[in-house]
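To start, the structure itself, in structure tokens.
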Amino acid sequence: DFSNSNTKIIELSGADNEGIVYSLTKKLAMNNINIIELETFIDIAPISATPLFNLKATIDLPSNLTIDSLHDILENHSSKLGVNIEIIN
């Protein structure tokens, strides 16, 4: 049931580099964030035709983690990985 207020969808996009999934899932696990569903796919950038890695995940936040804290965690990690991570809901 994805109507739980602690359930969020995140999307990641950026250059395809080895270890993106591992790094993100490790960061989520370190913060006790449960991954309910995760999918990945590759797109081609429109102008440069370079591969773009995309990830969409449904996650469940622990009750003691605020949305602001999640935003900070993802923002810091996206800078480290050189990708964009957004909280969709």
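Residue numbers start at 1 in each chain; chains themselves are named A, B, ... in the order of the structure tokens; ligands are numbered from 1 in the order shown.
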message = To test your reading of the structure, identify every residue in range 22-89 of chain A that backbone DSSP assigns to strand (DSSP E or B), and report it as a list in words.
response = Asn34, Ile35, Ile36, Glu37, Leu38, Glu39, Thr40, Phe41, Ile42, Asp43, Ile44, Pro51, Leu52, Phe53, Asn54, Leu55, Lys56, Ala57, Thr58, Ile59, Asp60, Val83, Asn84, Ile85, Glu86 and Ile87 of chain A
message = Need the shell around Thr58 in chain A: protein/DNA/RNA residues with any atom at most 9 Å away, counting only C-alpha atoms. Skip same-chain ones fewer than 2 positions apart. Format as a list in words?
response =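 After dropping sequence-adjacent residues, the list is Phe2, Thr7, Lys8, Ile9, Ile10, Asn34, Ile35, Ile36, Glu37, Leu38, Lys56 and Asp60 of chain A.
Here the alpha helix (DSSP H) residues in chain A, by DSSP on the backbone, are Ile20, Val21, Tyr22, Ser23, Leu24, Thr25, Lys26, Lys27, Leu28, Ala29, Met30, Ile67, Asp68, Ser69, Leu70, His71, Asp72, Ile73, Leu74, Glu75, Asn76, His77, Ser78, Ser79, Lys80 and Leu81 of chain A.
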Selection to disk with N, CA and C atoms, as a PDB file, in the first residue's frame:
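Writing the result to selection_19.pdb gives the following:
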ATOM      1  N   ILE A  20      26.491   3.400  -9.375  1.00  0.00           N
ATOM      2  CA  ILE A  20      25.438   4.342  -8.955  1.00  0.00           C
ATOM      3  C   ILE A  20      24.401   3.638  -8.080  1.00  0.00           C
ATOM      4  N   VAL A  21      23.902   2.492  -8.534  1.00  0.00           N
ATOM      5  CA  VAL A  21      22.868   1.768  -7.778  1.00  0.00           C
ATOM      6  C   VAL A  21      23.424   1.340  -6.427  1.00  0.00           C
ATOM      7  N   TYR A  22      24.623   0.783  -6.429  1.00  0.00           N
ATOM      8  CA  TYR A  22      25.247   0.340  -5.181  1.00  0.00           C
ATOM      9  C   TYR A  22      25.390   1.503  -4.204  1.00  0.00           C
ATOM     10  N   SER A  23      25.899   2.614  -4.683  1.00  0.00           N
ATOM     11  CA  SER A  23      26.133   3.765  -3.819  1.00  0.00           C
ATOM     12  C   SER A  23      24.838   4.319  -3.236  1.00  0.00           C
ATOM     13  N   LEU A  24      23.809   4.452  -4.076  1.00  0.00           N
ATOM     14  CA  LEU A  24      22.532   4.995  -3.598  1.00  0.00           C
ATOM     15  C   LEU A  24      21.864   4.036  -2.621  1.00  0.00           C
ATOM     16  N   THR A  25      21.822   2.747  -2.959  1.00  0.00           N
ATOM     17  CA  THR A  25      21.154   1.806  -2.068  1.00  0.00           C
ATOM     18  C   THR A  25      21.895   1.675  -0.736  1.00  0.00           C
ATOM     19  N   LYS A  26      23.211   1.772  -0.768  1.00  0.00           N
ATOM     20  CA  LYS A  26      23.990   1.750   0.473  1.00  0.00           C
ATOM     21  C   LYS A  26      23.654   2.973   1.335  1.00  0.00           C
ATOM     22  N   LYS A  27      23.551   4.142   0.705  1.00  0.00           N
ATOM     23  CA  LYS A  27      23.222   5.375   1.435  1.00  0.00           C
ATOM     24  C   LYS A  27      21.825   5.277   2.039  1.00  0.00           C
ATOM     25  N   LEU A  28      20.872   4.744   1.293  1.00  0.00           N
ATOM     26  CA  LEU A  28      19.519   4.584   1.822  1.00  0.00           C
ATOM     27  C   LEU A  28      19.528   3.621   3.007  1.00  0.00           C
ATOM     28  N   ALA A  29      20.223   2.493   2.865  1.00  0.00           N
ATOM     29  CA  ALA A  29      20.289   1.502   3.944  1.00  0.00           C
ATOM     30  C   ALA A  29      20.936   2.082   5.204  1.00  0.00           C
ATOM     31  N   MET A  30      21.959   2.900   5.030  1.00  0.00           N
ATOM     32  CA  MET A  30      22.633   3.508   6.183  1.00  0.00           C
ATOM     33  C   MET A  30      21.689   4.402   6.977  1.00  0.00           C
ATOM     34  N   ILE A  67      11.036  14.563   5.864  1.00  0.00           N
ATOM     35  CA  ILE A  67      11.227  14.793   4.430  1.00  0.00           C
ATOM     36  C   ILE A  67      12.395  15.753   4.206  1.00  0.00           C
ATOM     37  N   ASP A  68      12.572  16.708   5.102  1.00  0.00           N
ATOM     38  CA  ASP A  68      13.706  17.637   4.984  1.00  0.00           C
ATOM     39  C   ASP A  68      15.037  16.905   5.137  1.00  0.00           C
ATOM     40  N   SER A  69      15.075  15.961   6.069  1.00  0.00           N
ATOM     41  CA  SER A  69      16.287  15.162   6.252  1.00  0.00           C
ATOM     42  C   SER A  69      16.558  14.314   5.019  1.00  0.00           C
ATOM     43  N   LEU A  70      15.503  13.719   4.457  1.00  0.00           N
ATOM     44  CA  LEU A  70      15.664  12.929   3.237  1.00  0.00           C
ATOM     45  C   LEU A  70      16.207  13.809   2.117  1.00  0.00           C
ATOM     46  N   HIS A  71      15.645  14.994   1.983  1.00  0.00           N
ATOM     47  CA  HIS A  71      16.109  15.924   0.947  1.00  0.00           C
ATOM     48  C   HIS A  71      17.600  16.217   1.118  1.00  0.00           C
ATOM     49  N   ASP A  72      18.026  16.482   2.332  1.00  0.00           N
ATOM     50  CA  ASP A  72      19.445  16.767   2.603  1.00  0.00           C
ATOM     51  C   ASP A  72      20.331  15.572   2.264  1.00  0.00           C
ATOM     52  N   ILE A  73      19.900  14.382   2.658  1.00  0.00           N
ATOM     53  CA  ILE A  73      20.659  13.153   2.370  1.00  0.00           C
ATOM     54  C   ILE A  73      20.830  12.987   0.866  1.00  0.00           C
ATOM     55  N   LEU A  74      19.728  13.126   0.129  1.00  0.00           N
ATOM     56  CA  LEU A  74      19.767  12.925  -1.319  1.00  0.00           C
ATOM     57  C   LEU A  74      20.537  14.030  -2.026  1.00  0.00           C
ATOM     58  N   GLU A  75      20.390  15.265  -1.567  1.00  0.00           N
ATOM     59  CA  GLU A  75      21.109  16.380  -2.189  1.00  0.00           C
ATOM     60  C   GLU A  75      22.620  16.211  -2.032  1.00  0.00           C
ATOM     61  N   ASN A  76      23.051  15.864  -0.835  1.00  0.00           N
ATOM     62  CA  ASN A  76      24.482  15.647  -0.595  1.00  0.00           C
ATOM     63  C   ASN A  76      25.009  14.482  -1.424  1.00  0.00           C
ATOM     64  N   HIS A  77      24.221  13.424  -1.499  1.00  0.00           N
ATOM     65  CA  HIS A  77      24.671  12.239  -2.229  1.00  0.00           C
ATOM     66  C   HIS A  77      24.668  12.473  -3.737  1.00  0.00           C
ATOM     67  N   SER A  78      23.694  13.226  -4.233  1.00  0.00           N
ATOM     68  CA  SER A  78      23.652  13.500  -5.671  1.00  0.00           C
ATOM     69  C   SER A  78      24.854  14.334  -6.098  1.00  0.00           C
ATOM     70  N   SER A  79      25.283  15.246  -5.248  1.00  0.00           N
ATOM     71  CA  SER A  79      26.481  16.041  -5.550  1.00  0.00           C
ATOM     72  C   SER A  79      27.709  15.141  -5.621  1.00  0.00           C
ATOM     73  N   LYS A  80      27.793  14.202  -4.691  1.00  0.00           N
ATOM     74  CA  LYS A  80      28.922  13.266  -4.656  1.00  0.00           C
ATOM     75  C   LYS A  80      28.957  12.399  -5.914  1.00  0.00           C
ATOM     76  N   LEU A  81      27.770  11.965  -6.394  1.00  0.00           N
ATOM     77  CA  LEU A  81      27.698  11.091  -7.554  1.00  0.00           C
ATOM     78  C   LEU A  81      27.697  11.844  -8.883  1.00  0.00           C
TER      79      LEU A  81
END
task = Would you kindly return, as a list in words, each protein, DNA or RNA residue with an atom no farther than 10 Å from any atom of Ser63 in chain A, considering only C-alpha atoms and excluding same-chain residues fewer than 6 positions away?
result = Ser5, Asn6, Asn32 and Ile33 of chain A
Any chance you could export the current selection's all heavy atoms as an mmCIF file, in the first residue's frame?
data_model
loop_
_atom_site.group_PDB
_atom_site.id
_atom_site.type_symbol
_atom_site.label_atom_id
_atom_site.label_comp_id
_atom_site.auth_asym_id
_atom_site.auth_seq_id
_atom_site.Cartn_x
_atom_site.Cartn_y
_atom_site.Cartn_z
ATOM 1 N N SER A 5 2.123 7.757 4.405
ATOM 2 C CA SER A 5 2.784 9.064 4.311
ATOM 3 C C SER A 5 4.301 8.947 4.366
ATOM 4 O O SER A 5 5.001 9.866 3.984
ATOM 5 C CB SER A 5 2.282 9.988 5.417
ATOM 6 O OG SER A 5 2.654 9.467 6.684
ATOM 7 N N ASN A 6 4.826 7.817 4.832
ATOM 8 C CA ASN A 6 6.273 7.619 4.875
ATOM 9 C C ASN A 6 6.813 7.012 3.587
ATOM 10 O O ASN A 6 8.011 6.791 3.465
ATOM 11 C CB ASN A 6 6.663 6.728 6.064
ATOM 12 C CG ASN A 6 6.510 7.452 7.384
ATOM 13 O OD1 ASN A 6 6.488 8.669 7.432
ATOM 14 N ND2 ASN A 6 6.391 6.691 8.451
ATOM 15 N N ASN A 32 18.400 3.682 7.262
ATOM 16 C CA ASN A 32 17.244 2.833 7.573
ATOM 17 C C ASN A 32 16.048 3.094 6.669
ATOM 18 O O ASN A 32 14.895 3.002 7.099
ATOM 19 C CB ASN A 32 16.846 2.971 9.046
ATOM 20 C CG ASN A 32 17.936 2.500 9.967
ATOM 21 O OD1 ASN A 32 18.521 1.439 9.746
ATOM 22 N ND2 ASN A 32 18.239 3.287 10.983
ATOM 23 N N ILE A 33 16.329 3.453 5.416
ATOM 24 C CA ILE A 33 15.281 3.686 4.428
ATOM 25 C C ILE A 33 15.093 2.392 3.640
ATOM 26 O O ILE A 33 16.041 1.866 3.050
ATOM 27 C CB ILE A 33 15.651 4.851 3.488
ATOM 28 C CG1 ILE A 33 15.794 6.147 4.306
ATOM 29 C CG2 ILE A 33 14.609 5.003 2.392
ATOM 30 C CD1 ILE A 33 16.412 7.298 3.540
#
